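*Asks:* Sending over coords08.cif (mmCIF, C-alpha atoms (C1' of nucleotides)).
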```cif
data_query
loop_
_atom_site.label_atom_id
_atom_site.label_comp_id
_atom_site.auth_asym_id
_atom_site.auth_seq_id
_atom_site.Cartn_x
_atom_site.Cartn_y
_atom_site.Cartn_z
CA MET H 1 -11.38 -16.01 -3.11
CA GLY H 2 -15.10 -15.42 -3.22
CA GLU H 3 -16.26 -13.24 -0.37
CA VAL H 4 -17.49 -15.68 2.17
CA ARG H 5 -19.28 -14.57 5.25
CA LEU H 6 -17.42 -15.38 8.42
CA SER H 7 -19.39 -15.90 11.57
CA ALA H 8 -18.61 -15.03 15.15
CA THR H 9 -17.38 -18.58 15.56
CA SER H 10 -14.92 -18.09 12.73
CA TYR H 11 -13.42 -15.09 14.42
CA VAL H 12 -13.22 -16.82 17.73
CA VAL H 13 -11.17 -19.54 16.09
CA LEU H 14 -8.97 -17.09 14.23
CA GLY H 15 -8.61 -14.94 17.30
CA MET H 16 -7.73 -17.78 19.60
CA ILE H 17 -5.08 -19.05 17.26
CA ALA H 18 -3.71 -15.53 16.97
CA LEU H 19 -3.45 -15.26 20.74
CA ARG H 20 -2.16 -18.76 21.49
CA GLY H 21 -0.23 -19.64 18.39
CA PRO H 22 -0.83 -22.85 16.41
CA SER H 23 -3.45 -24.95 18.13
CA THR H 24 -5.39 -28.16 17.92
CA PRO H 25 -9.18 -28.05 18.08
CA TYR H 26 -9.09 -29.55 21.52
CA GLU H 27 -6.83 -26.82 22.75
CA LEU H 28 -9.16 -24.28 21.25
CA LYS H 29 -12.06 -25.84 23.02
CA ARG H 30 -10.28 -25.67 26.35
CA ALA H 31 -9.05 -22.14 25.82
CA VAL H 32 -12.53 -20.99 24.88
CA GLY H 33 -13.91 -22.81 27.88
CA HIS H 34 -12.13 -20.62 30.36
CA SER H 35 -12.24 -17.35 28.53
CA VAL H 36 -14.75 -16.15 25.96
CA GLY H 37 -16.89 -19.15 26.77
CA TYR H 38 -18.04 -17.38 29.88
CA PHE H 39 -19.94 -14.75 28.02
CA TRP H 40 -20.62 -16.46 24.72
CA HIS H 41 -21.30 -20.14 24.55
CA PHE H 42 -19.92 -22.14 21.63
CA PRO H 43 -20.81 -25.79 21.27
CA HIS H 44 -17.52 -27.66 21.09
CA ALA H 45 -18.40 -29.50 17.90
CA GLN H 46 -18.10 -26.20 16.11
CA LEU H 47 -14.53 -25.75 17.25
CA TYR H 48 -13.70 -28.96 15.43
CA SER H 49 -15.50 -28.26 12.19
CA GLU H 50 -14.90 -24.56 11.88
CA PRO H 51 -11.11 -24.77 11.57
CA ASP H 52 -11.56 -27.09 8.61
CA ARG H 53 -13.81 -24.59 6.92
CA LEU H 54 -11.32 -21.83 7.57
CA ALA H 55 -8.51 -23.97 6.23
CA GLY H 56 -10.57 -24.48 3.12
CA LEU H 57 -10.80 -20.73 2.76
CA GLY H 58 -7.06 -20.40 3.09
CA LEU H 59 -7.24 -18.59 6.41
CA LEU H 60 -5.66 -21.37 8.39
CA GLU H 61 -2.99 -23.88 7.60
CA LEU H 62 -3.20 -27.46 8.70
CA THR H 63 -0.41 -29.68 9.93
CA VAL H 64 -1.12 -33.25 10.85
CA GLU H 65 1.03 -34.99 13.43
CA GLU H 66 3.05 -37.70 11.77
CA ARG H 67 2.52 -40.45 14.24
CA GLY H 68 0.52 -41.30 17.28
CA ARG H 69 -2.81 -39.55 17.42
CA ARG H 70 -2.27 -37.63 14.27
CA ARG H 71 -3.52 -34.50 15.94
CA LYS H 72 -4.43 -31.68 13.66
CA THR H 73 -2.72 -28.40 14.36
CA TYR H 74 -3.95 -25.24 12.73
CA SER H 75 -1.97 -22.08 12.32
CA LEU H 76 -2.79 -18.67 10.91
CA THR H 77 -1.93 -17.85 7.35
CA ASP H 78 -1.25 -14.29 6.29
CA ALA H 79 -4.74 -14.18 4.83
CA GLY H 80 -6.13 -15.40 8.13
CA ARG H 81 -4.35 -12.75 10.11
CA ALA H 82 -5.51 -10.13 7.67
CA ALA H 83 -9.12 -11.29 7.92
CA LEU H 84 -8.96 -11.12 11.68
CA GLN H 85 -7.44 -7.68 11.65
CA ASP H 86 -9.99 -6.39 9.17
CA TRP H 87 -12.70 -7.57 11.45
CA LEU H 88 -11.10 -6.03 14.50
CA ALA H 89 -10.74 -2.74 12.70
CA SER H 90 -14.23 -2.68 11.23
CA PRO H 91 -17.01 -0.82 13.00
CA THR H 92 -19.48 -2.71 15.14
CA HIS H 93 -22.94 -1.34 14.95
CA GLU H 94 -24.53 -4.37 16.42
CA HIS H 95 -26.06 -4.18 19.81
CA PHE H 96 -25.48 -7.02 22.20
CA GLN H 97 -28.09 -9.66 22.70
CA MET H 98 -28.99 -11.06 26.05
CA ARG H 99 -30.50 -14.44 26.36
CA ASP H 100 -31.81 -14.54 29.80
CA ILE H 101 -34.45 -17.06 30.72
CA ALA H 102 -34.93 -15.28 34.01
CA GLU H 103 -35.73 -12.06 32.25
CA LEU H 104 -38.28 -13.83 30.08
CA LYS H 105 -39.93 -15.36 33.09
CA LEU H 106 -40.04 -12.02 34.78
CA PHE H 107 -41.62 -10.43 31.76
CA PHE H 108 -44.35 -13.00 31.51
CA ASN H 109 -44.92 -13.40 35.18
CA GLU H 110 -48.18 -11.49 35.02
CA ALA H 111 -49.59 -14.77 33.78
CA GLY H 112 -48.30 -16.61 36.82
CA SER H 113 -48.25 -15.92 40.50
CA PRO H 114 -46.26 -13.29 42.42
CA GLU H 115 -44.33 -15.72 44.56
CA ASN H 116 -42.63 -16.98 41.44
CA VAL H 117 -40.79 -13.71 41.27
CA THR H 118 -39.46 -14.05 44.78
CA ALA H 119 -38.04 -17.47 44.04
CA LEU H 120 -36.70 -16.33 40.70
CA ALA H 121 -34.93 -13.40 42.26
CA ARG H 122 -33.41 -15.59 44.92
CA ASP H 123 -32.04 -18.00 42.35
CA GLN H 124 -30.68 -15.25 40.19
CA ILE H 125 -28.94 -13.58 43.10
CA LYS H 126 -27.20 -16.86 43.80
CA GLN H 127 -26.24 -17.32 40.15
CA HIS H 128 -24.74 -13.90 39.83
CA GLU H 129 -22.93 -14.03 43.12
CA GLU H 130 -21.32 -17.27 42.09
CA ARG H 131 -20.30 -15.91 38.76
CA ILE H 132 -18.86 -12.82 40.35
CA ALA H 133 -16.82 -15.03 42.64
CA VAL H 134 -15.44 -16.91 39.65
CA TYR H 135 -14.49 -13.69 37.93
CA GLU H 136 -12.93 -12.24 41.05
CA GLN H 137 -10.83 -15.33 41.40
CA MET H 138 -9.59 -14.91 37.87
CA VAL H 139 -8.65 -11.34 38.61
CA GLU H 140 -6.81 -12.50 41.68
CA ARG H 141 -4.92 -15.23 39.87
CA PHE H 142 -3.99 -13.39 36.73
CA GLY H 143 -4.37 -9.77 37.68
CA SER H 144 -0.72 -9.38 38.51
CA ASP H 145 0.50 -11.06 35.35
CA PRO H 146 1.17 -8.20 32.95
CA HIS H 147 1.06 -10.63 30.05
CA ALA H 148 -2.57 -11.47 30.76
CA GLN H 149 -3.54 -7.83 31.21
CA PRO H 150 -5.27 -7.25 27.86
CA ARG H 151 -7.57 -10.18 28.43
CA MET H 152 -8.45 -8.90 31.87
CA ILE H 153 -10.21 -5.91 30.40
CA THR H 154 -13.07 -8.02 29.11
CA LEU H 155 -13.43 -9.45 32.58
CA GLU H 156 -14.06 -5.97 33.82
CA LEU H 157 -17.03 -5.68 31.49
CA GLY H 158 -18.27 -9.03 32.67
CA LEU H 159 -18.03 -7.95 36.27
CA GLU H 160 -19.83 -4.73 35.54
CA MET H 161 -22.71 -6.60 33.91
CA GLU H 162 -22.87 -9.19 36.66
CA HIS H 163 -23.03 -6.55 39.33
CA ALA H 164 -25.74 -4.73 37.42
CA ALA H 165 -27.83 -7.87 37.27
CA LEU H 166 -27.15 -8.63 40.89
CA ARG H 167 -28.22 -5.15 41.95
CA PHE H 168 -31.41 -5.48 39.96
CA TRP H 169 -32.46 -8.82 41.35
CA SER H 170 -31.54 -7.79 44.86
CA ALA H 171 -33.60 -4.64 44.58
CA LEU H 172 -36.46 -6.67 43.21
CA ALA H 173 -36.23 -9.10 46.08
CA ASP H 174 -36.25 -6.19 48.51
CA GLY H 175 -39.14 -4.63 46.66
CA ASP H 176 -37.15 -1.46 46.32
CA LEU H 177 -36.61 -0.67 42.68
CA GLU H 178 -36.71 3.01 43.50
CA ARG H 179 -33.38 2.83 45.26
CA LEU H 180 -31.95 1.14 42.20
CA ARG H 181 -33.03 4.04 40.04
CA ALA H 182 -31.61 6.53 42.43
CA ALA H 183 -28.26 4.76 42.52
CA ARG H 184 -28.16 4.69 38.76
CA ARG H 185 -28.79 8.38 38.58
CA ARG H 186 -26.09 9.03 41.10
CA LEU H 187 -23.62 6.99 39.06
CA ALA H 188 -24.54 8.67 35.82
CA GLU H 189 -23.87 12.12 37.20
CA PRO H 190 -20.24 13.11 37.12
CA ARG H 191 -18.50 13.31 40.48
CA MET F 1 -49.26 -36.41 26.25
CA GLY F 2 -45.66 -37.24 25.55
CA GLU F 3 -43.26 -34.99 27.33
CA VAL F 4 -42.09 -32.70 24.62
CA ARG F 5 -39.39 -30.22 25.21
CA LEU F 6 -40.54 -26.65 24.86
CA SER F 7 -38.02 -24.03 23.90
CA ALA F 8 -37.71 -20.42 24.90
CA THR F 9 -39.54 -19.55 21.71
CA SER F 10 -42.43 -21.74 22.75
CA TYR F 11 -42.79 -19.90 26.00
CA VAL F 12 -42.55 -16.54 24.35
CA VAL F 13 -45.48 -17.53 22.16
CA LEU F 14 -47.48 -18.93 25.05
CA GLY F 15 -46.62 -15.98 27.23
CA MET F 16 -47.50 -13.40 24.63
CA ILE F 17 -50.85 -14.97 23.98
CA ALA F 18 -51.45 -15.12 27.72
CA LEU F 19 -50.74 -11.41 28.03
CA ARG F 20 -52.51 -10.19 24.89
CA GLY F 21 -55.26 -12.71 24.44
CA PRO F 22 -55.87 -14.60 21.19
CA SER F 23 -53.41 -13.46 18.56
CA THR F 24 -52.29 -13.97 15.00
CA PRO F 25 -48.65 -14.70 14.29
CA TYR F 26 -48.24 -11.28 12.84
CA GLU F 27 -49.50 -9.68 15.99
CA LEU F 28 -47.10 -11.82 17.97
CA LYS F 29 -44.28 -10.71 15.81
CA ARG F 30 -45.13 -7.06 16.37
CA ALA F 31 -45.67 -7.47 20.08
CA VAL F 32 -42.35 -9.27 20.43
CA GLY F 33 -40.73 -6.57 18.35
CA HIS F 34 -41.38 -3.86 20.87
CA SER F 35 -41.00 -5.84 24.03
CA VAL F 36 -38.94 -8.96 24.64
CA GLY F 37 -37.42 -8.51 21.21
CA TYR F 38 -35.21 -5.80 22.65
CA PHE F 39 -33.18 -8.17 24.72
CA TRP F 40 -33.72 -11.46 22.96
CA HIS F 41 -33.97 -11.64 19.23
CA PHE F 42 -36.43 -14.09 17.69
CA PRO F 43 -36.44 -14.47 13.92
CA HIS F 44 -40.00 -13.81 12.83
CA ALA F 45 -40.30 -17.01 10.84
CA GLN F 46 -40.31 -18.84 14.13
CA LEU F 47 -43.29 -16.91 15.34
CA TYR F 48 -45.21 -18.31 12.41
CA SER F 49 -44.16 -21.91 12.72
CA GLU F 50 -44.04 -22.26 16.47
CA PRO F 51 -47.75 -21.65 17.09
CA ASP F 52 -48.54 -24.50 14.73
CA ARG F 53 -46.31 -26.80 16.68
CA LEU F 54 -47.90 -25.72 19.93
CA ALA F 55 -51.36 -26.22 18.47
CA GLY F 56 -50.26 -29.72 17.50
CA LEU F 57 -49.33 -30.31 21.13
CA GLY F 58 -52.73 -29.10 22.27
CA LEU F 59 -51.35 -26.03 24.00
CA LEU F 60 -52.95 -23.60 21.60
CA GLU F 61 -56.19 -23.61 19.73
CA LEU F 62 -56.48 -22.40 16.19
CA THR F 63 -59.29 -20.43 14.61
CA VAL F 64 -59.14 -19.53 10.96
CA GLU F 65 -60.84 -16.38 9.74
CA GLU F 66 -63.76 -17.31 7.52
CA ARG F 67 -63.20 -14.87 4.73
CA GLY F 68 -60.71 -12.36 3.48
CA ARG F 69 -57.16 -13.19 4.45
CA ARG F 70 -58.11 -16.21 6.43
CA ARG F 71 -55.85 -15.07 9.23
CA LYS F 72 -55.01 -17.67 11.80
CA THR F 73 -55.76 -16.75 15.36
CA TYR F 74 -54.32 -18.78 18.18
CA SER F 75 -55.63 -18.87 21.71
CA LEU F 76 -54.46 -20.59 24.87
CA THR F 77 -55.97 -23.89 25.88
CA ASP F 78 -56.09 -24.92 29.50
CA ALA F 79 -53.13 -27.19 28.85
CA GLY F 80 -51.29 -24.26 27.35
CA ARG F 81 -51.90 -22.04 30.31
CA ALA F 82 -50.83 -24.83 32.63
CA ALA F 83 -47.62 -25.38 30.69
CA LEU F 84 -46.82 -21.69 30.87
CA GLN F 85 -47.51 -21.54 34.58
CA ASP F 86 -45.42 -24.61 35.27
CA TRP F 87 -42.56 -22.98 33.51
CA LEU F 88 -43.00 -19.71 35.37
CA ALA F 89 -43.05 -21.55 38.66
CA SER F 90 -40.08 -23.80 37.92
CA PRO F 91 -36.62 -22.82 39.10
CA THR F 92 -34.19 -21.22 36.71
CA HIS F 93 -30.64 -22.26 37.27
CA GLU F 94 -29.46 -21.05 33.96
CA HIS F 95 -27.16 -18.11 33.74
CA PHE F 96 -27.82 -15.57 31.07
CA GLN F 97 -25.87 -15.65 27.87
CA MET F 98 -24.49 -12.54 26.27
CA ARG F 99 -23.74 -12.30 22.64
CA ASP F 100 -21.74 -9.24 22.22
CA ILE F 101 -19.62 -8.79 19.15
CA ALA F 102 -18.00 -5.77 20.73
CA GLU F 103 -16.89 -7.84 23.69
CA LEU F 104 -15.38 -10.43 21.36
CA LYS F 105 -13.50 -7.78 19.48
CA LEU F 106 -12.23 -6.32 22.69
CA PHE F 107 -11.03 -9.70 23.86
CA PHE F 108 -9.11 -10.42 20.71
CA ASN F 109 -7.83 -6.94 20.16
CA GLU F 110 -4.35 -7.90 21.24
CA ALA F 111 -4.06 -9.25 17.72
CA GLY F 112 -5.04 -5.92 16.24
CA SER F 113 -4.08 -2.36 16.89
CA PRO F 114 -4.90 -0.20 19.91
CA GLU F 115 -6.81 2.46 18.01
CA ASN F 116 -9.42 -0.16 17.22
CA VAL F 117 -10.42 -0.08 20.84
CA THR F 118 -10.94 3.64 20.80
CA ALA F 119 -13.25 3.43 17.83
CA LEU F 120 -15.03 0.42 19.26
CA ALA F 121 -15.66 2.17 22.53
CA ARG F 122 -16.96 5.23 20.76
CA ASP F 123 -19.41 3.14 18.74
CA GLN F 124 -20.56 1.23 21.76
CA ILE F 125 -21.14 4.36 23.77
CA LYS F 126 -23.36 5.62 20.99
CA GLN F 127 -25.23 2.31 20.79
CA HIS F 128 -25.94 2.15 24.45
CA GLU F 129 -26.90 5.79 24.76
CA GLU F 130 -29.40 5.32 21.98
CA ARG F 131 -30.84 2.24 23.54
CA ILE F 132 -31.12 3.95 26.88
CA ALA F 133 -33.01 6.77 25.21
CA VAL F 134 -35.44 4.27 23.70
CA TYR F 135 -36.01 2.64 27.06
CA GLU F 136 -36.42 5.95 28.82
CA GLN F 137 -39.03 6.92 26.30
CA MET F 138 -40.94 3.76 27.00
CA VAL F 139 -40.84 4.50 30.69
CA GLU F 140 -42.12 7.97 29.98
CA ARG F 141 -44.95 6.80 27.76
CA PHE F 142 -46.15 3.86 29.76
CA GLY F 143 -44.76 4.52 33.19
CA SER F 144 -47.93 6.13 34.41
CA ASP F 145 -50.20 3.41 33.06
CA PRO F 146 -50.75 1.09 36.01
CA HIS F 147 -51.86 -1.62 33.62
CA ALA F 148 -48.45 -1.71 31.97
CA GLN F 149 -46.61 -1.69 35.27
CA PRO F 150 -45.61 -5.36 35.45
CA ARG F 151 -43.92 -5.18 32.08
CA MET F 152 -42.02 -2.11 33.11
CA ILE F 153 -40.04 -4.10 35.62
CA THR F 154 -38.12 -5.89 32.91
CA LEU F 155 -37.29 -2.53 31.43
CA GLU F 156 -35.62 -1.65 34.67
CA LEU F 157 -33.29 -4.62 34.27
CA GLY F 158 -32.62 -3.58 30.72
CA LEU F 159 -31.74 -0.08 31.82
CA GLU F 160 -29.48 -1.38 34.53
CA MET F 161 -27.57 -3.52 32.03
CA GLU F 162 -27.37 -0.75 29.48
CA HIS F 163 -25.99 1.67 32.00
CA ALA F 164 -23.47 -0.89 33.14
CA ALA F 165 -22.24 -1.36 29.59
CA LEU F 166 -22.21 2.37 29.00
CA ARG F 167 -20.15 2.96 32.12
CA PHE F 168 -17.68 0.33 31.06
CA TRP F 169 -17.13 1.61 27.56
CA SER F 170 -16.94 5.19 28.78
CA ALA F 171 -14.35 4.27 31.34
CA LEU F 172 -12.43 2.39 28.69
CA ALA F 173 -12.54 5.37 26.36
CA ASP F 174 -11.28 7.57 29.19
CA GLY F 175 -8.61 5.05 30.04
CA ASP F 176 -9.83 5.03 33.59
CA LEU F 177 -11.02 1.55 34.50
CA GLU F 178 -9.89 2.16 38.03
CA ARG F 179 -12.66 4.63 38.63
CA LEU F 180 -15.13 2.05 37.35
CA ARG F 181 -13.95 -0.45 39.92
CA ALA F 182 -14.15 2.08 42.67
CA ALA F 183 -17.70 3.02 41.76
CA ARG F 184 -18.68 -0.63 41.72
CA ARG F 185 -17.29 -1.14 45.16
CA ARG F 186 -19.07 1.92 46.41
CA LEU F 187 -22.38 0.61 45.06
CA ALA F 188 -21.90 -2.85 46.47
CA GLU F 189 -21.43 -1.51 49.98
CA PRO F 190 -24.68 -0.78 51.75
CA ARG F 191 -25.42 2.87 52.40
"C1'" DC T 1 3.88 -57.89 30.32
"C1'" DC T 2 -0.87 -57.40 30.28
"C1'" DC T 3 -5.02 -55.34 31.95
"C1'" DT T 4 -7.94 -51.77 33.36
"C1'" DC T 5 -9.11 -47.23 34.31
"C1'" DT T 6 -9.29 -42.48 33.36
"C1'" DA T 7 -8.54 -38.46 31.04
"C1'" DC T 8 -8.03 -37.01 26.55
"C1'" DG T 9 -9.36 -36.00 21.88
"C1'" DC T 10 -12.53 -36.16 18.23
"C1'" DT T 11 -16.57 -37.34 15.13
"C1'" DC T 12 -21.25 -37.94 13.77
"C1'" DT T 13 -26.12 -37.37 13.66
"C1'" DG T 14 -30.70 -35.53 13.84
"C1'" DT T 15 -32.90 -31.37 15.09
"C1'" DT T 16 -33.60 -26.51 15.59
"C1'" DT T 17 -32.52 -22.05 14.58
"C1'" DC T 18 -31.50 -18.47 11.58
"C1'" DG T 19 -31.62 -14.94 8.18
"C1'" DG T 20 -33.51 -13.26 4.57
"C1'" DA T 21 -35.38 -13.54 0.02
"C1'" DC T 22 -39.64 -13.69 -1.92
"C1'" DG T 23 -44.65 -13.38 -2.91
"C1'" DG T 24 -49.01 -12.57 -2.02
"C1'" DT T 25 -53.17 -9.35 -0.29
"C1'" DA T 26 -55.63 -5.35 1.34
"C1'" DC T 27 -56.19 -0.54 1.84
"C1'" DT T 28 -55.38 4.44 0.52
"C1'" DA T 29 -54.93 8.26 -2.24
"C1'" DT T 30 -55.10 9.94 -6.43
"C1'" DA O 1 -58.70 2.26 -12.47
"C1'" DT O 2 -54.02 2.45 -10.72
"C1'" DA O 3 -50.15 2.94 -8.26
"C1'" DG O 4 -48.15 2.82 -4.08
"C1'" DT O 5 -47.52 1.23 0.61
"C1'" DA O 6 -48.34 -1.12 4.45
"C1'" DC O 7 -49.52 -5.56 5.85
"C1'" DC O 8 -48.98 -10.58 6.21
"C1'" DG O 9 -47.01 -14.99 5.46
"C1'" DT O 10 -44.04 -18.86 3.45
"C1'" DC O 11 -39.99 -21.11 2.11
"C1'" DC O 12 -35.41 -22.63 1.87
"C1'" DG O 13 -30.47 -23.37 2.37
"C1'" DA O 14 -27.06 -22.73 5.69
"C1'" DA O 15 -25.48 -22.67 10.37
"C1'" DA O 16 -25.88 -23.79 15.04
"C1'" DC O 17 -26.78 -27.03 18.50
"C1'" DA O 18 -26.84 -30.82 21.94
"C1'" DG O 19 -25.11 -34.69 23.13
"C1'" DA O 20 -24.24 -39.58 22.35
"C1'" DG O 21 -20.62 -42.28 21.42
"C1'" DC O 22 -16.02 -44.01 20.38
"C1'" DG O 23 -11.02 -44.57 19.69
"C1'" DT O 24 -6.36 -43.58 21.94
"C1'" DA O 25 -2.71 -42.69 25.24
"C1'" DG O 26 -0.70 -43.21 29.37
"C1'" DA O 27 -0.63 -44.41 34.35
"C1'" DG O 28 -0.83 -47.72 37.79
"C1'" DG O 29 -1.74 -52.38 39.46
"C1'" DG O 30 -1.31 -57.18 39.26
#
```
Could I get this file's structure written as structure tokens?

*Replies:*
Amino acid sequence: MGEVRLSATSYVVLGMIALRGPSTPYELKRAVGHSVGYFWHFPHAQLYSEPDRLAGLGLLELTVEERGRRRKTYSLTDAGRAALQDWLASPTHEHFQMRDIAELKLFFNEAGSPENVTALARDQIKQHEERIAVYEQMVERFGSDPHAQPRMITLELGLEMEHAALRFWSALADGDLERLRAARRRLAEPR
Amino acid sequence: MGEVRLSATSYVVLGMIALRGPSTPYELKRAVGHSVGYFWHFPHAQLYSEPDRLAGLGLLELTVEERGRRRKTYSLTDAGRAALQDWLASPTHEHFQMRDIAELKLFFNEAGSPENVTALARDQIKQHEERIAVYEQMVERFGSDPHAQPRMITLELGLEMEHAALRFWSALADGDLERLRAARRRLAEPR
DNA sequence: CCCTCTACGCTCTGTTTCGGACGGTACTAT
DNA sequence: ATAGTACCGTCCGAAACAGAGCGTAGAGGG
């Protein structure tokens, strides 16, 4: 009853169950691992405790397997679906947060030595290229499946961000940030 | 002495003091607020407690104002500078983390209604345009100051990411993700 | 039929982080 | 004096977090 604040984790749990149907925490963990987990890390322990909390709030319903492992399966209640939909329909004024160790190091590098930046850039280029490859593979595997289409859209954002980062670090490695700026301007202009 | 694990917050404190010279926690808080704070949020309380911890580890030195407010000023010790430089010189294999509520909502929107996406995109476009304006203003104000140059580089990454996000949400609003892909390909190709 | 090995599935614990409420203290303008 | 407004700092409960660790099921081998 009382208005309780739901966190991002709560909505991930609600959302995942909405997309997959009734699920066990382990299934949630796996599903998160190869989807939202790529852009927002959730420690798995949370995916075990959070459903309980949500069940306590009446947003999920719990069924315990009769025999064997007695797995816990959670399913959405009407209240749960409503909470999710309210959230989806509510405005989002928040700006994203990045947590990028590389960016921090770059910012503070004045206090270190220039060759750090070279190495940093090289590492980051590798990181982002690898991640792009992973994403591309997902597109390849699921891109043709019309059922998976809605979830592919987020991937597109991920790719866009990855490429942006890759361009930046590459330009930095080449010592040519000016070209980066120019390209950005070109993209921003229509046509 | 004992190998103690330093967190990102620790390095932000060390780094800030390295860049600004001896500082009070309040000054750190302000400095963070209009620099790294833009891409990585640190709750201010941390910027009060962390310096104490670091002083305990011998990485910072504490001077307390004699009279008046008895402000605490922290300065780098040799050990502190060394720790910072080690960190700057060490490889970074971590990939950045995003925390983007909008992206979550987009991912789960299947469970909601399509017009949510329209509104979401509109909001995000506004967010990112505003942020870009803020960044541009910084470039304008400090771009000519050669002293501030090194810190401007990070801004360039920020701008690149912001523009990437803006392009994505704009394309989504226009229902034309295909153009986005095409533009990305064009950029990735040399020349 | 028993054993072992591996993947599966889950829990627990001690630390940090987090947000934000709250409470002082100094300066400024009347 | 006095009120107002920055300025400056602390505290606390609630989440988040990392990761160690442990039971369980089923497969394959002896």

*Asks:* If the PyMOL selection byres ((chain H) within 10 of (chain T)) were run on this exact file, what residues would it hold? Put them as a PyMOL selection string.

*Replies:* chain H and resi 24-27+45+48-49+69+71

*Asks:* Determine the residue set returned by the PyMOL selection byres ((chain H) within 12 of (chain O)) for the present structure, and present it as a compact mmCIF listing (two decimals) with C-alpha atoms, in the frame of the given file.

*Replies:*
```txt
# COMPACT_ATOMS: atom_id res chain seq x y z
CA ARG H 5 -19.28 -14.57 5.25
CA LEU H 6 -17.42 -15.38 8.42
CA SER H 7 -19.39 -15.90 11.57
CA ALA H 8 -18.61 -15.03 15.15
CA THR H 9 -17.38 -18.58 15.56
CA SER H 10 -14.92 -18.09 12.73
CA HIS H 41 -21.30 -20.14 24.55
CA PHE H 42 -19.92 -22.14 21.63
CA PRO H 43 -20.81 -25.79 21.27
CA HIS H 44 -17.52 -27.66 21.09
CA ALA H 45 -18.40 -29.50 17.90
CA GLN H 46 -18.10 -26.20 16.11
CA LEU H 47 -14.53 -25.75 17.25
CA SER H 49 -15.50 -28.26 12.19
CA GLU H 50 -14.90 -24.56 11.88
CA GLY H 68 0.52 -41.30 17.28
CA ARG H 69 -2.81 -39.55 17.42
CA ARG H 70 -2.27 -37.63 14.27
CA ARG H 71 -3.52 -34.50 15.94
```

*Asks:* Given the file shown, determine the residues that the PyMOL selection byres ((chain H) within 7 of (chain F)) selects; report them as a CSV table (one decimal) with C-alpha atoms, in the coordinates of the input.

*Replies:*
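Resulting contents of expr.csv:
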```csv
chain,number,residue,atom,x,y,z
H,15,GLY,CA,-8.6,-14.9,17.3
H,18,ALA,CA,-3.7,-15.5,17.0
H,19,LEU,CA,-3.4,-15.3,20.7
H,39,PHE,CA,-19.9,-14.8,28.0
H,40,TRP,CA,-20.6,-16.5,24.7
H,85,GLN,CA,-7.4,-7.7,11.6
H,88,LEU,CA,-11.1,-6.0,14.5
H,89,ALA,CA,-10.7,-2.7,12.7
H,91,PRO,CA,-17.0,-0.8,13.0
H,92,THR,CA,-19.5,-2.7,15.1
H,93,HIS,CA,-22.9,-1.3,15.0
H,95,HIS,CA,-26.1,-4.2,19.8
H,96,PHE,CA,-25.5,-7.0,22.2
H,97,GLN,CA,-28.1,-9.7,22.7
H,98,MET,CA,-29.0,-11.1,26.0
H,99,ARG,CA,-30.5,-14.4,26.4
H,100,ASP,CA,-31.8,-14.5,29.8
H,101,ILE,CA,-34.4,-17.1,30.7
H,102,ALA,CA,-34.9,-15.3,34.0
H,103,GLU,CA,-35.7,-12.1,32.2
H,105,LYS,CA,-39.9,-15.4,33.1
H,106,LEU,CA,-40.0,-12.0,34.8
H,107,PHE,CA,-41.6,-10.4,31.8
H,108,PHE,CA,-44.4,-13.0,31.5
H,109,ASN,CA,-44.9,-13.4,35.2
H,110,GLU,CA,-48.2,-11.5,35.0
H,111,ALA,CA,-49.6,-14.8,33.8
H,112,GLY,CA,-48.3,-16.6,36.8
H,116,ASN,CA,-42.6,-17.0,41.4
H,120,LEU,CA,-36.7,-16.3,40.7
H,123,ASP,CA,-32.0,-18.0,42.4
H,127,GLN,CA,-26.2,-17.3,40.2
H,150,PRO,CA,-5.3,-7.2,27.9
H,151,ARG,CA,-7.6,-10.2,28.4
H,154,THR,CA,-13.1,-8.0,29.1
H,157,LEU,CA,-17.0,-5.7,31.5
H,160,GLU,CA,-19.8,-4.7,35.5
H,161,MET,CA,-22.7,-6.6,33.9
H,164,ALA,CA,-25.7,-4.7,37.4
H,165,ALA,CA,-27.8,-7.9,37.3
H,168,PHE,CA,-31.4,-5.5,40.0
```

*Asks:* Please indicate the distance in Å from CA of Ile125 (chain F) to CA of Arg141 (chain F), rounded to one decimal place.

*Replies:*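 If I compute the distance from CA of Ile125 (chain F) to CA of Arg141 (chain F), I get 24.3 Å.
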
*Asks:* Quote the spacing between CA of Arg20 (chain F) and CA of Gly143 (chain F) in Å to one decimal place.

*Replies:*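 Spanning CA of Arg20 (chain F) to CA of Gly143 (chain F) is a straight-line distance of 18.6 Å.
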
*Asks:* When you draw a straight line from CA of Thr73 (chain F) to CA of Ser23 (chain F), how long is it in Å?

*Replies:* 5.2 Å

*Asks:* Please determine an axis-aligned box that encloses all atoms of region 17-25 of chain T listed in the file, with 5 Å added on each side, and express its centre and edge lengths in Å to one decimal as lines of an AutoDock Vina configuration file.

*Replies:*
```
center_x = -42.3
center_y = -15.7
center_z = 5.8
size_x = 31.7
size_y = 22.7
size_z = 27.5
```
